[in-house]
$ cat run.txt   # compact mmCIF, C-alpha atoms and all ligand atoms
# COMPACT_ATOMS: atom_id res chain seq x y z
CA MET A 42 -4.61 5.46 20.76
CA ALA A 43 -7.05 2.89 19.55
CA GLY A 44 -9.00 3.59 16.39
CA PRO A 45 -12.64 2.81 15.90
CA PRO A 46 -13.22 -0.63 14.44
CA PRO A 47 -14.77 -0.55 11.00
CA ALA A 48 -18.29 -1.72 10.61
CA ARG A 49 -18.96 -5.00 8.87
CA SER A 50 -20.17 -3.13 5.85
CA GLY A 51 -19.99 0.39 4.52
CA GLY A 52 -17.51 3.01 5.55
CA GLU A 53 -13.77 2.98 5.03
CA GLY A 54 -13.12 0.27 2.54
CA VAL A 55 -14.84 -2.30 4.67
CA GLY A 56 -18.24 -2.30 3.08
CA ARG A 57 -18.63 -4.72 0.24
CA ALA A 58 -19.66 -2.10 -2.27
CA GLY A 59 -20.83 0.79 -0.19
CA GLY A 60 -17.34 2.07 0.47
CA ARG A 61 -16.19 1.80 -3.10
CA ARG A 62 -16.92 3.39 -6.40
CA ARG A 63 -16.12 1.89 -9.74
CA LEU A 64 -17.22 4.42 -12.30
CA SER A 65 -15.60 7.67 -13.15
CA GLY A 66 -16.84 10.84 -11.61
CA ARG A 67 -16.60 12.38 -8.23
CA SER A 68 -17.34 10.52 -5.09
CA ALA A 69 -20.93 9.93 -4.19
CA THR A 70 -19.89 9.68 -0.59
CA ARG A 71 -17.93 12.88 -0.45
CA SER A 72 -17.99 14.52 2.91
CA ALA A 73 -21.30 15.76 4.15
CA PRO A 74 -22.07 19.42 3.50
CA THR A 75 -21.10 20.32 7.02
CA ALA A 76 -17.72 18.67 6.75
CA PRO A 77 -15.61 21.65 5.58
CA ARG A 78 -16.87 23.82 8.37
CA THR A 79 -16.43 21.03 10.86
CA ALA A 80 -12.95 20.43 9.57
CA ARG A 81 -12.03 24.06 10.07
CA LEU A 82 -13.30 23.90 13.60
CA LEU A 83 -11.42 20.73 14.27
CA ARG A 84 -8.28 22.19 12.83
CA ALA A 85 -8.61 25.22 15.01
CA ALA A 86 -9.31 22.99 17.96
CA CYS A 87 -6.55 20.49 17.41
CA LEU A 88 -3.64 22.69 16.55
CA PRO A 89 -2.86 23.90 20.08
CA SER A 90 -3.39 20.51 21.65
CA GLU A 91 -1.83 18.33 18.98
CA PRO A 92 1.62 19.63 18.23
CA ARG A 93 3.19 18.00 15.27
CA ALA A 94 5.74 15.35 15.89
CA PRO A 95 9.26 16.75 15.85
CA PRO A 96 11.31 16.04 12.79
CA ARG A 97 13.24 12.81 13.09
CA PRO A 98 16.47 12.05 11.35
CA HIS A 99 16.08 9.93 8.30
CA PRO A 100 17.85 6.60 8.51
CA CYS A 101 19.92 7.71 5.59
CA GLU A 102 22.84 9.66 6.92
CA GLY A 103 22.95 13.32 6.05
CA ARG A 104 19.38 13.46 4.86
CA ARG A 105 16.28 14.64 6.60
CA ALA A 106 12.84 13.27 7.13
CA LEU A 107 9.85 15.41 7.85
CA ALA A 108 7.43 14.54 10.56
CA PRO A 109 4.20 12.97 9.41
CA PRO A 110 0.73 13.65 10.58
CA LEU A 111 0.10 10.73 12.85
CA HIS A 112 -3.58 10.90 12.24
CA GLY A 113 -5.79 10.64 9.15
CA PRO A 114 -8.25 8.41 7.30
CA GLY A 115 -8.03 5.53 4.88
CA ARG A 116 -9.61 4.54 1.63
CA THR A 117 -13.01 3.35 0.72
CA GLY A 118 -14.57 3.61 -2.68
CA ARG A 119 -13.43 3.43 -6.22
CA ARG A 120 -13.51 5.56 -9.30
CA ARG A 121 -12.54 4.86 -12.84
CA ALA A 122 -11.34 6.91 -15.77
CA GLY A 123 -8.09 6.28 -17.68
CA ARG A 124 -4.66 7.49 -18.86
CA SER A 125 -1.79 6.09 -20.85
CA GLY A 126 1.68 6.90 -22.13
CA ARG A 127 5.27 5.74 -21.88
CA VAL A 128 7.76 5.86 -19.12
CA ARG A 129 10.96 7.82 -19.19
CA PRO A 130 13.15 6.32 -16.52
CA ARG A 131 14.65 8.82 -14.16
CA ARG A 132 17.88 8.62 -12.30
CA ALA A 133 17.99 9.87 -8.79
CA GLY A 134 20.39 10.11 -5.92
CA LEU A 135 20.47 7.46 -3.24
CA CYS A 136 21.42 7.59 0.35
CA LEU A 137 21.18 3.96 1.35
CA PRO A 138 24.34 1.90 1.32
CA ARG A 139 25.04 0.32 -2.01
CA PRO A 140 25.53 -3.42 -1.76
CA ALA A 141 28.44 -5.07 -3.44
CA ARG A 142 27.76 -7.03 -6.58
CA GLY A 143 27.34 -10.79 -6.54
CA GLY A 144 26.93 -13.28 -3.74
CA PRO A 145 24.00 -13.21 -1.36
CA LEU A 146 23.35 -9.55 -2.13
CA THR A 147 22.24 -10.57 -5.58
CA THR A 148 19.59 -12.63 -3.88
CA ARG A 149 18.62 -9.63 -1.84
CA LEU A 150 18.22 -7.58 -4.99
CA ASP A 151 16.14 -10.35 -6.53
CA ARG A 152 13.92 -10.29 -3.49
CA ALA A 153 13.60 -6.51 -3.59
CA ALA A 154 12.52 -6.70 -7.21
CA GLY A 155 10.22 -9.54 -6.22
CA ALA A 156 8.47 -7.34 -3.68
CA VAL A 157 7.91 -4.47 -6.12
CA LEU A 158 7.01 -6.60 -9.14
CA GLY A 159 5.13 -9.09 -7.02
CA SER A 160 2.87 -6.42 -5.66
CA ALA A 161 2.22 -5.03 -9.13
CA VAL A 162 1.34 -8.35 -10.74
CA GLY A 163 -0.88 -9.28 -7.81
CA ASP A 164 -2.68 -5.98 -8.24
CA ALA A 165 -3.11 -6.50 -11.98
CA LEU A 166 -4.13 -10.13 -11.61
CA GLY A 167 -6.76 -9.33 -9.01
CA ALA A 168 -8.17 -6.15 -10.54
CA PRO A 169 -10.79 -7.76 -12.80
CA TYR A 170 -12.30 -9.65 -9.86
CA GLU A 171 -12.65 -6.80 -7.39
CA PHE A 172 -15.83 -7.13 -5.33
CA GLY A 173 -16.49 -10.49 -6.89
CA PRO A 174 -17.15 -13.77 -5.09
CA ALA A 175 -14.54 -16.27 -4.06
CA GLY A 176 -13.03 -18.59 -6.66
CA GLU A 177 -13.57 -16.41 -9.73
CA LEU A 178 -9.98 -16.60 -10.92
CA ASP A 179 -10.03 -20.39 -10.89
CA ALA A 180 -13.49 -20.44 -12.45
CA ARG A 181 -12.35 -18.25 -15.31
CA GLY A 182 -9.49 -20.53 -16.13
CA SER A 183 -7.24 -17.82 -17.61
CA GLU A 184 -5.01 -15.15 -16.15
CA MET A 185 -4.04 -11.58 -16.96
CA ARG A 186 -6.85 -11.31 -19.45
CA GLY A 187 -8.28 -8.09 -18.10
CA GLY A 188 -11.92 -7.36 -17.42
CA GLY A 189 -14.02 -5.15 -15.21
CA GLY A 190 -12.70 -2.06 -16.97
CA TRP A 191 -9.06 -3.16 -16.80
CA ASP A 192 -6.85 -4.03 -19.74
CA PRO A 193 -4.83 -7.25 -19.51
CA GLY A 194 -1.93 -6.62 -17.15
CA GLU A 195 -3.06 -3.15 -16.16
CA ALA A 196 -2.14 -2.23 -12.60
CA THR A 197 -4.46 -0.13 -10.47
CA ASP A 198 -4.13 2.57 -7.84
CA ASP A 199 -2.27 0.19 -5.53
CA THR A 200 0.77 0.06 -7.78
CA GLN A 201 0.39 3.62 -9.03
CA MET A 202 0.63 5.00 -5.51
CA ALA A 203 3.51 2.66 -4.67
CA VAL A 204 5.43 4.03 -7.64
CA LEU A 205 4.72 7.60 -6.55
CA VAL A 206 6.09 6.82 -3.10
CA GLY A 207 9.16 5.12 -4.52
CA GLU A 208 9.99 7.93 -6.90
CA SER A 209 9.63 10.50 -4.16
CA LEU A 210 11.97 8.54 -1.90
CA LEU A 211 14.55 8.38 -4.67
CA ASP A 212 14.23 11.98 -5.77
CA HIS A 213 14.65 13.24 -2.20
CA GLY A 214 16.97 10.57 -0.93
CA GLY A 215 14.56 9.85 1.90
CA LEU A 216 11.18 10.55 3.36
CA GLU A 217 9.81 13.91 2.28
CA LEU A 218 6.19 13.63 3.32
CA PRO A 219 4.90 16.88 1.81
CA ASP A 220 6.31 15.80 -1.52
CA VAL A 221 4.67 12.37 -1.28
CA PHE A 222 1.38 14.04 -0.47
CA ASP A 223 1.77 16.46 -3.38
CA ARG A 224 2.43 13.57 -5.75
CA PHE A 225 -0.62 11.77 -4.42
CA ARG A 226 -2.64 14.93 -4.86
CA ARG A 227 -1.56 15.49 -8.47
CA TRP A 228 -2.33 11.87 -9.21
CA ALA A 229 -5.76 12.06 -7.63
CA ALA A 230 -6.56 15.27 -9.51
CA ALA A 231 -5.65 13.61 -12.82
CA GLY A 232 -8.51 11.14 -12.58
CA PRO A 233 -7.12 7.67 -11.96
CA LYS A 234 -9.44 4.84 -12.89
CA ASP A 235 -9.52 3.63 -9.33
CA ILE A 236 -9.06 5.45 -6.04
CA GLY A 237 -10.23 4.91 -2.50
CA LEU A 238 -13.08 7.23 -1.68
CA GLN A 239 -11.59 8.44 1.55
CA THR A 240 -8.17 8.73 0.00
CA GLU A 241 -9.72 10.86 -2.69
CA GLN A 242 -11.46 13.03 -0.12
CA VAL A 243 -8.23 13.52 1.81
CA LEU A 244 -6.23 14.33 -1.30
CA THR A 245 -8.74 16.62 -2.95
CA GLY A 246 -10.13 18.40 0.09
CA GLY A 247 -7.63 21.26 -0.02
CA ASP A 248 -6.27 20.78 3.47
CA PRO A 249 -2.52 20.79 4.06
CA TRP A 250 -0.61 17.53 4.01
CA ASP A 251 -0.14 17.32 7.73
CA LEU A 252 -3.78 17.95 8.59
CA ALA A 253 -5.86 16.57 5.76
CA ALA A 254 -5.98 12.97 6.91
CA ALA A 255 -6.42 13.84 10.54
CA LEU A 256 -9.31 16.16 9.84
CA HIS A 257 -11.01 13.64 7.64
CA PHE A 258 -10.62 10.94 10.25
CA GLN A 259 -12.03 13.11 13.00
CA VAL A 260 -15.06 13.92 10.91
CA ASN A 261 -15.64 10.47 9.42
CA ALA A 262 -14.23 8.18 12.12
CA ARG A 263 -13.76 5.08 9.96
CA ALA A 264 -10.30 4.84 8.47
CA ALA A 265 -8.97 1.34 9.03
CA GLY A 266 -8.94 0.43 5.35
CA ASN A 267 -6.15 -1.35 3.55
CA GLY A 268 -5.22 1.64 1.39
CA SER A 269 -1.82 2.16 2.98
CA LEU A 270 -0.96 -1.53 2.87
CA MET A 271 -1.46 -1.66 -0.86
CA ARG A 272 1.28 0.86 -1.68
CA ALA A 273 3.92 -0.46 0.73
CA SER A 274 6.23 -2.38 -1.58
CA THR A 275 8.50 0.47 -2.62
CA SER A 276 8.98 2.05 0.78
CA ALA A 277 9.48 -1.37 2.36
CA VAL A 278 12.36 -2.01 -0.03
CA PHE A 279 13.82 1.46 0.41
CA PHE A 280 13.89 1.44 4.21
CA ALA A 281 14.76 -2.20 4.77
CA ALA A 282 18.48 -1.57 5.08
CA ALA A 283 17.86 1.02 7.78
CA GLY A 284 16.61 -1.51 10.31
CA GLN A 285 13.38 -2.37 12.04
CA GLU A 286 12.71 0.83 13.95
CA ALA A 287 13.37 3.13 11.00
CA THR A 288 11.37 0.90 8.68
CA MET A 289 8.32 0.73 10.90
CA ASP A 290 8.50 4.41 11.75
CA ALA A 291 8.62 5.39 8.08
CA ALA A 292 5.74 3.03 7.33
CA ARG A 293 3.57 4.65 10.00
CA ARG A 294 4.32 8.11 8.70
CA LEU A 295 3.54 7.19 5.11
CA ALA A 296 0.31 5.50 6.15
CA ALA A 297 -0.74 8.49 8.19
CA LEU A 298 -0.71 10.70 5.09
CA THR A 299 -4.04 9.24 4.07
CA HIS A 300 -5.19 7.05 6.95
CA GLY A 301 -6.15 8.35 10.35
CA ASP A 302 -6.73 5.13 12.20
CA PRO A 303 -3.69 3.88 14.12
CA ALA A 304 -4.71 0.38 13.10
CA ALA A 305 -3.77 1.27 9.53
CA TRP A 306 -0.41 2.66 10.66
CA GLU A 307 0.44 -0.46 12.61
CA GLY A 308 -0.68 -2.84 9.87
CA THR A 309 1.44 -0.97 7.37
CA ALA A 310 4.39 -1.03 9.76
CA LEU A 311 3.94 -4.79 10.18
CA LEU A 312 3.96 -5.36 6.45
CA HIS A 313 7.09 -3.27 6.02
CA GLU A 314 8.83 -5.23 8.75
CA LEU A 315 7.87 -8.59 7.28
CA VAL A 316 9.23 -7.50 3.90
CA ARG A 317 12.40 -6.34 5.60
CA ALA A 318 12.79 -9.75 7.19
CA ALA A 319 12.30 -11.48 3.87
CA LEU A 320 14.84 -9.26 2.15
CA ASP A 321 17.31 -10.24 4.86
CA GLY A 322 16.76 -13.84 3.84
CA ALA A 323 14.61 -14.74 6.83
CA ASP A 324 11.25 -16.42 6.75
CA PRO A 325 8.76 -13.61 7.35
CA LEU A 326 6.40 -16.04 9.06
CA GLU A 327 9.05 -16.85 11.62
CA ARG A 328 9.57 -13.14 12.23
CA LEU A 329 5.91 -12.55 13.05
CA PRO A 330 6.30 -12.71 16.85
CA GLN A 331 9.21 -10.27 16.73
CA ALA A 332 7.32 -7.93 14.41
CA LEU A 333 4.20 -8.08 16.55
CA ALA A 334 6.24 -7.14 19.60
CA ALA A 335 7.07 -3.85 17.87
CA VAL A 336 3.41 -3.01 17.23
CA ALA A 337 1.70 -0.42 19.40
CA PRO A 338 0.35 -2.34 22.40
CA GLU A 339 -3.23 -1.25 21.92
CA GLN A 340 -3.18 -2.64 18.36
CA ARG A 341 -1.22 -5.79 19.02
CA GLU A 342 -3.93 -8.20 20.09
CA ARG A 343 -6.07 -7.74 17.03
CA TYR A 344 -3.12 -8.24 14.71
CA ALA A 345 -1.93 -11.24 16.69
CA ARG A 346 -5.34 -12.77 16.10
CA VAL A 347 -5.39 -12.41 12.31
CA LEU A 348 -1.74 -13.36 11.92
CA ALA A 349 -1.97 -16.48 14.06
CA PRO A 350 -1.27 -19.83 12.35
CA ASP A 351 -4.81 -21.03 12.97
CA TRP A 352 -6.47 -17.95 11.49
CA HIS A 353 -7.94 -18.15 8.01
CA PRO A 354 -9.96 -15.67 5.91
CA GLY A 355 -13.17 -17.45 6.81
CA LEU A 356 -12.75 -16.15 10.35
CA ALA A 357 -12.60 -12.52 9.25
CA THR A 358 -15.07 -10.25 11.00
CA GLU A 359 -14.75 -7.49 8.40
CA PHE A 360 -14.67 -7.26 4.62
CA ASN A 361 -11.11 -7.74 3.41
CA GLY A 362 -10.95 -4.08 2.41
CA ALA A 363 -10.21 -3.49 6.09
CA VAL A 364 -6.60 -3.52 7.17
CA TRP A 365 -6.73 -6.52 9.56
CA PRO A 366 -8.24 -9.19 7.30
CA CYS A 367 -6.29 -7.87 4.33
CA LEU A 368 -2.94 -8.35 6.04
CA GLY A 369 -4.16 -11.52 7.69
CA SER A 370 -5.26 -12.94 4.35
CA ALA A 371 -1.93 -12.11 2.73
CA VAL A 372 -0.05 -13.87 5.52
CA TRP A 373 -2.49 -16.78 5.33
CA ALA A 374 -1.87 -17.04 1.58
CA LEU A 375 1.87 -17.10 2.15
CA ARG A 376 1.58 -19.65 4.94
CA THR A 377 -0.70 -22.08 3.14
CA THR A 378 1.08 -22.17 -0.21
CA THR A 379 4.54 -23.10 -1.43
CA GLY A 380 5.32 -20.61 -4.17
CA PHE A 381 4.74 -17.09 -5.45
CA ALA A 382 2.09 -17.76 -8.06
CA GLU A 383 0.18 -20.14 -5.82
CA ALA A 384 0.09 -17.57 -3.02
CA VAL A 385 -1.15 -14.76 -5.26
CA ARG A 386 -3.76 -16.96 -6.91
CA ALA A 387 -5.01 -17.95 -3.46
CA ALA A 388 -5.36 -14.29 -2.56
CA VAL A 389 -7.34 -13.43 -5.69
CA ASN A 390 -9.57 -16.44 -5.21
CA LEU A 391 -10.65 -15.11 -1.83
CA GLY A 392 -12.82 -12.59 -3.65
CA GLY A 393 -13.69 -9.16 -2.29
CA ASP A 394 -10.92 -6.58 -2.51
CA THR A 395 -8.98 -8.85 -4.81
CA ASP A 396 -6.51 -6.38 -6.27
CA THR A 397 -5.29 -5.11 -2.93
CA VAL A 398 -5.26 -8.42 -1.09
CA ALA A 399 -3.29 -9.86 -4.00
CA ALA A 400 -1.00 -6.81 -4.12
CA VAL A 401 -0.19 -7.21 -0.43
CA THR A 402 0.26 -10.95 -0.88
CA GLY A 403 2.46 -10.30 -3.90
CA THR A 404 4.59 -7.89 -1.88
CA LEU A 405 5.23 -10.54 0.77
CA ALA A 406 5.52 -13.50 -1.56
CA GLY A 407 7.75 -11.58 -3.97
CA ALA A 408 10.09 -10.65 -1.14
CA ARG A 409 10.03 -14.24 0.09
CA TYR A 410 10.51 -16.07 -3.22
CA GLY A 411 12.21 -13.42 -5.34
CA ARG A 412 11.72 -11.85 -8.74
CA ALA A 413 12.63 -15.04 -10.57
CA ALA A 414 9.60 -16.79 -9.08
CA ILE A 415 7.13 -14.44 -10.77
CA PRO A 416 5.64 -16.01 -13.90
CA PRO A 417 6.81 -14.23 -17.07
CA GLU A 418 3.29 -14.47 -18.45
CA TRP A 419 2.27 -12.15 -15.64
CA THR A 420 5.08 -9.63 -16.06
CA THR A 421 4.97 -9.43 -19.86
CA PRO A 422 1.58 -7.68 -20.09
CA LEU A 423 2.13 -5.72 -16.86
CA HIS A 424 1.84 -1.97 -17.23
CA VAL A 425 1.32 0.82 -14.73
CA PRO A 426 -0.32 4.01 -16.00
CA LEU A 427 0.58 7.05 -13.91
CA PRO A 428 -2.13 9.70 -14.14
CA GLY A 429 -0.76 13.15 -13.45
CA SER A 430 2.79 12.19 -14.41
CA GLY A 431 2.98 13.30 -18.00
CA GLY A 432 1.32 10.25 -19.47
CA ARG A 433 3.98 7.85 -18.31
CA VAL A 434 3.30 4.13 -18.19
CA LEU A 435 5.76 1.87 -16.44
CA ASP A 436 6.36 -1.68 -17.57
CA ALA A 437 7.98 -4.58 -15.76
CA ARG A 438 11.45 -3.48 -16.81
CA SER A 439 10.81 -0.02 -15.41
CA LEU A 440 9.68 -1.55 -12.14
CA ASP A 441 12.80 -3.70 -12.03
CA ASP A 442 14.86 -0.56 -12.42
CA LEU A 443 12.84 1.22 -9.74
CA ALA A 444 13.29 -1.69 -7.35
CA ALA A 445 17.03 -1.79 -7.97
CA ARG A 446 17.36 1.91 -7.23
CA LEU A 447 15.21 1.58 -4.12
CA ALA A 448 17.41 -1.26 -2.93
CA GLY A 449 20.48 0.85 -3.51
CA ALA A 450 21.83 -1.46 -6.18
CA ALA A 451 21.65 0.78 -9.22
MG MG B 501 -6.63 -1.01 -6.70
$ encode --input "run.txt" --output "C-alpha cells"
Amino acid sequence: MAGPPPARSGGEGVGRAGGRRRLSGRSATRSAPTAPRTARLLRAACLPSEPRAPPRPHPCEGRRALAPPLHGPGRTGRRRAGRSGRVRPRRAGLCLPRPARGGPLTTRLDRAAGAVLGSAVGDALGAPYEFGPAGELDARGSEMRGGGGWDPGEATDDTQMAVLVGESLLDHGGLELPDVFDRFRRWAAAGPKDIGLQTEQVLTGGDPWDLAAALHFQVNARAAGNGSLMRASTSAVFFAAAGQEATMDAARRLAALTHGDPAAWEGTALLHELVRAALDGADPLERLPQALAAVAPEQRERYARVLAPDWHPGLATEFNGAVWPCLGSAVWALRTTTGFAEAVRAAVNLGGDTDTVAAVTGTLAGARYGRAAIPPEWTTPLHVPLPGSGGRVLDARSLDDLAARLAGAA
C-alpha cells in the first residue's frame, strides 16, 4: 500500500514551519471540527474490513508481542513547555541473550551505547537550530550552548520518546504496543516542550492505541514525517540480536503507533536494519542493498533513490522533516564524513529539522563508530527530561545504562 507523498510544504512535518509549532499550548492545526465524527465513521467502516494483524511471537523466546496497527499518521508541528527532575534508574527483566563479557562483544556493547547516546547528543546539538538555515552550527562557532528555548545539552522529544520505547521494551521483555502507546500518551499529556503536531493529535485524540493513528491518517492523509525515525535508537538496539526480519517487523509496528503512511514504516524499518548491521560490526553503507531488498516493494524505489551514493540533500524534493530526505540525509552524512562528530555536525549544518536529522545521523554514526567516538563535551551537558514520568531527567550515564540493558549486557 503506497502512502500519499507529502507536499513540499505544510502538512506532516514536511512544511518548513507550517507543520510545526514551537510555543507551548495546544495545536493550532488540530483536526478540523468534523474530524471526530469522521473518525468515528471511519472506525465503524474500517473495523469489519481491516482485521487487526494476528499476534506474532516476539523474537524473545517465551514472551509475546502484540500486533500493531499497521496504519496511522506521523508528526508535524512543535510545542514547547518544560519539565525537570532526576532519574531513578530502574532494573528490568530481559529476554534477549546476554553476551559474554570481553572480546568483540564489548565492541558490540560500545556500539549499542553509541547508537543510544549518539542519537541523544545529535538531538541536543541540533535542537537550537531547528527550522534554521544551513550552516548555522558552523557559523555560531560553539556547540552544546543551547538556544531556541533549549538549555545546553537538553534533548528534545526525539530522545524522550526513544527512552519511553526503550523502558517499555525492558519492563515487558519485548514489544507491548499498548503500553508503548500509553507511555507516549502520558508523556504527551504532560506537556513536553516539543512534540509533532500529528503525533500530538494521535496521542491526545482519545482513540484506542490500535486505531488512533489509522484514523488520523485516513482523515488527514499526510503522515510521511520523520517522527518514527527519530525515536528508533532504543528499539534498534533491543531487537538487533533477533535478526533482520524481527527487527524490521518490530520497527514497522512501533512506527505505526503514530504514523499511518507505510513510507514511515519502511523508513523506520530501514534505519533499524542499518543499526543492526552496524552493531554486528558491518558497514551499514555496505548493507544498504540488502536492507533495501527487505523493504516493501512499493516503497523501495523512493528509498533507493535517496540512499544512493550519488544522492545528496540538495536533491531532496521535500523538507527534511519528511521521512525520505531525513533518512537520506543521515546516510549521506555518514557516507561523506569519517567520524561521529563530523557526521553529526554535517547533519545539523543542513538546517531545517536539525534535531531529528542529527538524531537519526547520531543513531547511525554512533552504532558505526561506537560510544567512545562521541565527544565528552557533548555528553557531559546532555540531559533528557521526561515529562509525565515523575520529573525524571536522564543523563548520559543513565542512557549508557539503558543502552546496556537494551543490548542485554546488564
Ligand atoms: Mg525534537
$ closest_residue --input "run.txt" --among "A:Val425, A:Val372, A:Ala345, A:Ala318" --to "Ala203 (chain A)" --atoms "all atoms listed in the file"
A:Val425
$ residues_near_ligand --input "run.txt" --ligand "ligand MG 501 (chain B)" --cutoff "9 Å" --atoms "all atoms listed in the file" --output "PyMOL selection string"
chain A and resi 119+164-165+167-168+171+196-201+234-237+268+271+394-397+400
$ write_last_selection --input "run.txt" --atoms "C-alpha atoms" --output "PDB file, keeping the file's coordinate frame"
ATOM      1  CA  ARG A 119     -13.430   3.430  -6.220  1.00  0.00           C
ATOM      2  CA  ASP A 164      -2.680  -5.980  -8.240  1.00  0.00           C
ATOM      3  CA  ALA A 165      -3.110  -6.500 -11.980  1.00  0.00           C
ATOM      4  CA  GLY A 167      -6.760  -9.330  -9.010  1.00  0.00           C
ATOM      5  CA  ALA A 168      -8.170  -6.150 -10.540  1.00  0.00           C
ATOM      6  CA  GLU A 171     -12.650  -6.800  -7.390  1.00  0.00           C
ATOM      7  CA  ALA A 196      -2.140  -2.230 -12.600  1.00  0.00           C
ATOM      8  CA  THR A 197      -4.460  -0.130 -10.470  1.00  0.00           C
ATOM      9  CA  ASP A 198      -4.130   2.570  -7.840  1.00  0.00           C
ATOM     10  CA  ASP A 199      -2.270   0.190  -5.530  1.00  0.00           C
ATOM     11  CA  THR A 200       0.770   0.060  -7.780  1.00  0.00           C
ATOM     12  CA  GLN A 201       0.390   3.620  -9.030  1.00  0.00           C
ATOM     13  CA  LYS A 234      -9.440   4.840 -12.890  1.00  0.00           C
ATOM     14  CA  ASP A 235      -9.520   3.630  -9.330  1.00  0.00           C
ATOM     15  CA  ILE A 236      -9.060   5.450  -6.040  1.00  0.00           C
ATOM     16  CA  GLY A 237     -10.230   4.910  -2.500  1.00  0.00           C
ATOM     17  CA  GLY A 268      -5.220   1.640   1.390  1.00  0.00           C
ATOM     18  CA  MET A 271      -1.460  -1.660  -0.860  1.00  0.00           C
ATOM     19  CA  ASP A 394     -10.920  -6.580  -2.510  1.00  0.00           C
ATOM     20  CA  THR A 395      -8.980  -8.850  -4.810  1.00  0.00           C
ATOM     21  CA  ASP A 396      -6.510  -6.380  -6.270  1.00  0.00           C
ATOM     22  CA  THR A 397      -5.290  -5.110  -2.930  1.00  0.00           C
ATOM     23  CA  ALA A 400      -1.000  -6.810  -4.120  1.00  0.00           C
TER      24      ALA A 400
END
$ residues_around --input "run.txt" --residues "Leu391 (chain A)" --least-positions-apart "4" --cutoff "8 Å" --atoms "all atoms listed in the file" --output "list in words"
Pro174, Ala175, Gly176, Pro354, Ala387 and Thr395 of chain A
$ closest_residue --input "run.txt" --among "A:Pro366, A:Gly284, A:Gly355, A:Gly159" --to "Ala304 (chain A)" --atoms "all atoms listed in the file"
A:Pro366
$ atom_distance --input "run.txt" --atom1 "CA of Pro350 (chain A)" --atom2 "CA of Thr377 (chain A)"
9.5 Å
$ closest_residue --input "run.txt" --among "A:Ala349, A:Ala437, A:Leu312, A:Ala255" --to "Ala408 (chain A)" --atoms "only C-alpha atoms"
A:Leu312
$ atom_distance --input "run.txt" --atom1 "CA of Ala374 (chain A)" --atom2 "CA of Gly173 (chain A)"
18.1 Å
$ residues_near_point --input "run.txt" --point "(-5.9, 5.6, 5.3)" --cutoff "8 Å" --atoms "all atoms listed in the file" --output "VMD selection string"
chain A and resid 113 to 116 239 to 240 254 264 to 269 296 to 302 305
$ residues_around --input "run.txt" --residues "Thr420 (chain A)" --least-positions-apart "6" --cutoff "8 Å" --atoms "all atoms listed in the file" --output "list in words"
Leu158, Val162, Gly194 and Ala437 of chain A
$ closest_residue --input "run.txt" --among "A:Ala337, A:Ala406, A:Leu375, A:Leu210" --to "His353 (chain A)" --atoms "all atoms listed in the file"
A:Leu375
